[in-house]
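S.K.: What follows is a structure written as structure tokens; I'll ask about it next.
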Amino acid sequence: MAKVVVLDYGSGNLRSAERALRRVGADVEVTSDRHAALECDGLVVPGVGAFAACMDGLRSVAGERIIGQRLAGGRPVLGVCVGMQILFELGIEHGVRTEGCGEWPGTVERLDAEIVPHMGWNTVRAPADSVLFDGLDGSTRFYFVHSYAVRQWELAPEPPMPAPKVTWATHGCDFVAAAENGALSATQFHPEKSGDAGAHLLTNWLKNL
């Protein structure tokens, strides 16, 4: 049974994430403890609300350093919703620019859509070699709640390293719905609120820890 820590830094659907991970067979702990977060098989970084507030909370528990140390050792990390957004270099909300973790280049910005937030079920376009979406077809829908996203993927392939696997969705404009890059994976949607589809995705992630 994989040991998974849901990082508690004051933001995110912690108990929903815990229940969803337990449903698919993980041994789950919700904690901000640095040692537990570093030593577990997989770390989940949730997040809801404003980019700046999430970064403040993450820094309060040295979360950005925990993430960096895990990735330096090839230890899996999964970001969810704003927990995905803060992995990028920069977030811009209401004219406020906030530095993120910088694990990926790119900017989180407001969706260019008539209706914001983007709330509800939507399909995604995953690459054929995706690990997260293995066994899920293009008609599968996931649950989104967000007003901001990454609209341009900026990390270029660096051979001989495998190219990042980027999944897209559309709400007024195209945006990054998920990304897989070595030990670091993330989803803009909420797997824990996406029913059987979300459970399937979390199972795929657990199998590859």
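Quick note on naming: the chains in the structure tokens go A, B, ... in the order shown, residues restart at 1 in each chain, and ligands are numbered from 1 in order of appearance.
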What lies within 6 Å of A:Cys81 using only C-alpha atoms, ignoring chain neighbours under 2 positions off, as number ranges by chain?
M.R.: A: 47, 83-84, 188-189
S.K.: Using only C-alpha atoms, which residues sit within 6 Å of stretch 166-180 of chain A once same-chain residues fewer than 6 positions away are excluded, as an mmCIF file with C-alpha atoms, in the first residue's frame?
M.R.:
data_model
loop_
_atom_site.group_PDB
_atom_site.id
_atom_site.type_symbol
_atom_site.label_atom_id
_atom_site.label_comp_id
_atom_site.auth_asym_id
_atom_site.auth_seq_id
_atom_site.Cartn_x
_atom_site.Cartn_y
_atom_site.Cartn_z
ATOM 1 C CA ASP A 112 -10.183 34.523 -21.717
ATOM 2 C CA ALA A 113 -13.818 33.439 -21.635
ATOM 3 C CA VAL A 124 -9.662 17.078 -21.922
ATOM 4 C CA ARG A 125 -7.204 16.299 -24.699
ATOM 5 C CA ALA A 126 -4.485 14.052 -23.304
ATOM 6 C CA VAL A 150 -1.787 28.432 -17.679
ATOM 7 C CA ARG A 151 -2.654 29.267 -21.271
ATOM 8 C CA ALA A 186 -0.513 18.112 -11.796
ATOM 9 C CA THR A 187 -4.150 18.623 -12.732
ATOM 10 C CA GLN A 188 -6.120 21.858 -13.021
#
S.K.: Return as a Markdown table the residues of stretch 152-206 of chain A lying at most 12 Å from stretch 92-103 of chain A, together with the closest atom-to-atom pair for each and the distance in Å to one decimal, counting only C-alpha atoms, with rows in chain order and ascending residue number.
M.R.:
| residue | atom | partner | partner_atom | distance |
| --- | --- | --- | --- | --- |
| A:Glu154 | CA | A:Glu103 | CA | 11.7 |
| A:Leu155 | CA | A:Glu103 | CA | 10.0 |
| A:Ala179 | CA | A:Glu103 | CA | 12.0 |
| A:Asn181 | CA | A:Glu103 | CA | 10.1 |
| A:Gly182 | CA | A:Glu103 | CA | 11.7 |
| A:Ala183 | CA | A:Glu103 | CA | 11.3 |
| A:Leu184 | CA | A:Glu103 | CA | 8.8 |
| A:Ser185 | CA | A:Glu103 | CA | 10.9 |
| A:Ala186 | CA | A:Glu103 | CA | 11.5 |
S.K.: Kindly give the distance, in Å, that separates atom CA of A:Leu78 and atom CA of A:Val45, rounded to a single decimal.
M.R.: 6.1 Å
S.K.: Need to verify the contact set: A:Val108, 7 Å, only C-alpha atoms, exclusion of same-chain residues closer than 3 positions in sequence. Can you return it as a ChimeraX atom specification?
M.R.: /A:85,90-92,148-150
S.K.: Near stretch 21-25 of chain A, within 9 Å and counting only C-alpha atoms, which residues show up once chain neighbours fewer than 3 positions away are dropped, as an MDAnalysis selection string?
M.R.: chainID A and resid 1:2 4 16:18 28 192 199:200 202:203 206
S.K.: Using only C-alpha atoms, which residue out of A:Gly195, A:Ala62, A:Gly42, A:Thr123 lies closest to A:Asp137?
M.R.: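 Checking each candidate against A:Asp137, we get A:Thr123 as the closest.
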S.K.: I'd like the interatomic distance between atom CA of A:Leu111 and atom CA of A:Arg19, to a tenth of an Å.
M.R.: 29.9 Å
S.K.: Counting only C-alpha atoms, which residue out of A:Ser11, A:Gly57, A:Leu43, A:Val6 sits closest to A:Glu29?
M.R.: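 Selected residue with least distance to A:Glu29: A:Val6.
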S.K.: How many Å lie between atom CA of A:Glu39 and atom CA of A:Asn13, rounded to one decimal?
M.R.: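 Between these atoms lies a distance of 22.2 Å.
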S.K.: For the structure I just gave you, how does DSSP split stretch 29-60 of chain A - specifically, which residues are helix (DSSP H, G or I)? Reply as a CSV table (one decimal) with all heavy atoms, in the first residue's frame.
M.R.:
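Listing of states_32.csv after writing:
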chain,number,residue,atom,x,y,z
A,34,ARG,N,7.2,18.1,7.9
A,34,ARG,CA,8.2,18.1,6.9
A,34,ARG,C,8.8,16.7,6.6
A,34,ARG,O,8.9,16.3,5.5
A,34,ARG,CB,9.4,19.1,7.3
A,34,ARG,CG,10.5,19.1,6.3
A,34,ARG,CD,11.6,20.0,6.8
A,34,ARG,NE,12.7,20.1,5.8
A,34,ARG,CZ,12.8,20.9,4.8
A,34,ARG,NH1,11.8,21.8,4.6
A,34,ARG,NH2,13.8,20.9,4.0
A,35,HIS,N,9.1,16.0,7.7
A,35,HIS,CA,9.7,14.7,7.6
A,35,HIS,C,8.7,13.7,6.9
A,35,HIS,O,9.1,13.0,5.9
A,35,HIS,CB,10.0,14.1,9.0
A,35,HIS,CG,10.6,12.7,8.9
A,35,HIS,ND1,11.9,12.4,8.5
A,35,HIS,CD2,10.0,11.5,9.2
A,35,HIS,CE1,12.1,11.1,8.5
A,35,HIS,NE2,11.0,10.5,8.9
A,36,ALA,N,7.4,13.7,7.3
A,36,ALA,CA,6.4,12.9,6.6
A,36,ALA,C,6.3,13.2,5.2
A,36,ALA,O,6.2,12.3,4.3
A,36,ALA,CB,5.1,13.0,7.4
A,37,ALA,N,6.3,14.5,4.9
A,37,ALA,CA,6.1,15.0,3.5
A,37,ALA,C,7.3,14.6,2.6
A,37,ALA,O,7.1,14.3,1.4
A,37,ALA,CB,5.8,16.5,3.4
A,38,LEU,N,8.4,14.5,3.2
A,38,LEU,CA,9.6,14.2,2.4
A,38,LEU,C,9.8,12.6,2.2
A,38,LEU,O,10.3,12.2,1.2
A,38,LEU,CB,10.9,14.7,3.1
A,38,LEU,CG,11.1,16.2,3.0
A,38,LEU,CD1,12.3,16.6,3.9
A,38,LEU,CD2,11.4,16.6,1.5
A,39,GLU,N,9.3,11.9,3.2
A,39,GLU,CA,9.6,10.4,3.2
A,39,GLU,C,8.5,9.6,2.6
A,39,GLU,O,8.7,8.4,2.3
A,39,GLU,CB,9.8,10.0,4.7
A,39,GLU,CG,11.1,10.6,5.3
A,39,GLU,CD,12.3,10.2,4.5
A,39,GLU,OE1,12.5,9.1,4.1
A,39,GLU,OE2,13.2,11.1,4.3
A,51,PHE,N,-4.0,32.6,-5.8
A,51,PHE,CA,-2.6,32.2,-6.0
A,51,PHE,C,-1.8,32.7,-4.9
A,51,PHE,O,-1.0,32.0,-4.2
A,51,PHE,CB,-2.2,32.6,-7.3
A,51,PHE,CG,-0.8,32.2,-7.8
A,51,PHE,CD1,-0.7,31.2,-8.7
A,51,PHE,CD2,0.3,32.7,-7.3
A,51,PHE,CE1,0.5,30.7,-9.2
A,51,PHE,CE2,1.6,32.3,-7.7
A,51,PHE,CZ,1.7,31.3,-8.6
A,52,ALA,N,-1.9,34.0,-4.6
A,52,ALA,CA,-1.0,34.7,-3.6
A,52,ALA,C,-1.2,34.1,-2.2
A,52,ALA,O,-0.2,33.8,-1.5
A,52,ALA,CB,-1.2,36.2,-3.6
A,53,ALA,N,-2.5,33.9,-1.8
A,53,ALA,CA,-2.8,33.3,-0.5
A,53,ALA,C,-2.2,31.9,-0.4
A,53,ALA,O,-1.7,31.5,0.7
A,53,ALA,CB,-4.3,33.3,-0.3
A,54,CYS,N,-2.3,31.1,-1.5
A,54,CYS,CA,-1.8,29.8,-1.4
A,54,CYS,C,-0.3,29.8,-1.3
A,54,CYS,O,0.3,28.9,-0.5
A,54,CYS,CB,-2.2,29.0,-2.7
A,54,CYS,SG,-4.0,28.4,-2.6
A,55,MET,N,0.4,30.7,-2.0
A,55,MET,CA,1.8,30.7,-1.9
A,55,MET,C,2.2,31.1,-0.5
A,55,MET,O,3.2,30.6,0.1
A,55,MET,CB,2.4,31.7,-2.9
A,55,MET,CG,2.6,31.1,-4.3
A,55,MET,SD,3.5,29.6,-4.3
A,55,MET,CE,5.1,30.0,-3.6
A,56,ASP,N,1.5,32.1,0.2
A,56,ASP,CA,1.8,32.5,1.5
A,56,ASP,C,1.7,31.3,2.5
A,56,ASP,O,2.5,31.0,3.3
A,56,ASP,CB,0.8,33.6,2.0
A,56,ASP,CG,1.2,34.9,1.4
A,56,ASP,OD1,2.3,35.1,0.9
A,56,ASP,OD2,0.3,35.8,1.4
A,57,GLY,N,0.6,30.5,2.3
A,57,GLY,CA,0.4,29.3,3.1
A,57,GLY,C,1.5,28.3,2.9
A,57,GLY,O,2.0,27.6,3.8
A,58,LEU,N,1.8,28.1,1.6
A,58,LEU,CA,2.8,27.1,1.3
A,58,LEU,C,4.2,27.4,1.9
A,58,LEU,O,4.9,26.6,2.5
A,58,LEU,CB,3.0,27.0,-0.2
A,58,LEU,CG,3.8,25.8,-0.7
A,58,LEU,CD1,3.0,24.5,-0.5
A,58,LEU,CD2,4.1,25.9,-2.2
A,59,ARG,N,4.5,28.7,1.8
A,59,ARG,CA,5.8,29.1,2.4
A,59,ARG,C,5.8,29.0,3.9
A,59,ARG,O,6.9,28.8,4.5
A,59,ARG,CB,6.1,30.6,2.0
A,59,ARG,CG,6.5,30.7,0.5
A,59,ARG,CD,7.0,32.1,0.1
A,59,ARG,NE,7.3,32.2,-1.3
A,59,ARG,CZ,6.6,32.8,-2.2
A,59,ARG,NH1,5.5,33.4,-1.8
A,59,ARG,NH2,7.0,32.9,-3.4
A,60,SER,N,4.7,29.2,4.5
A,60,SER,CA,4.6,29.1,6.0
A,60,SER,C,5.0,27.7,6.5
A,60,SER,O,5.4,27.6,7.7
A,60,SER,CB,3.2,29.5,6.5
A,60,SER,OG,2.3,28.4,6.2
S.K.: Just list the residues in stretch 93-130 of chain A DSSP gives strand (DSSP E) on the backbone, as number ranges by chain.
M.R.: A: 93, 96-99, 104-110, 118-123
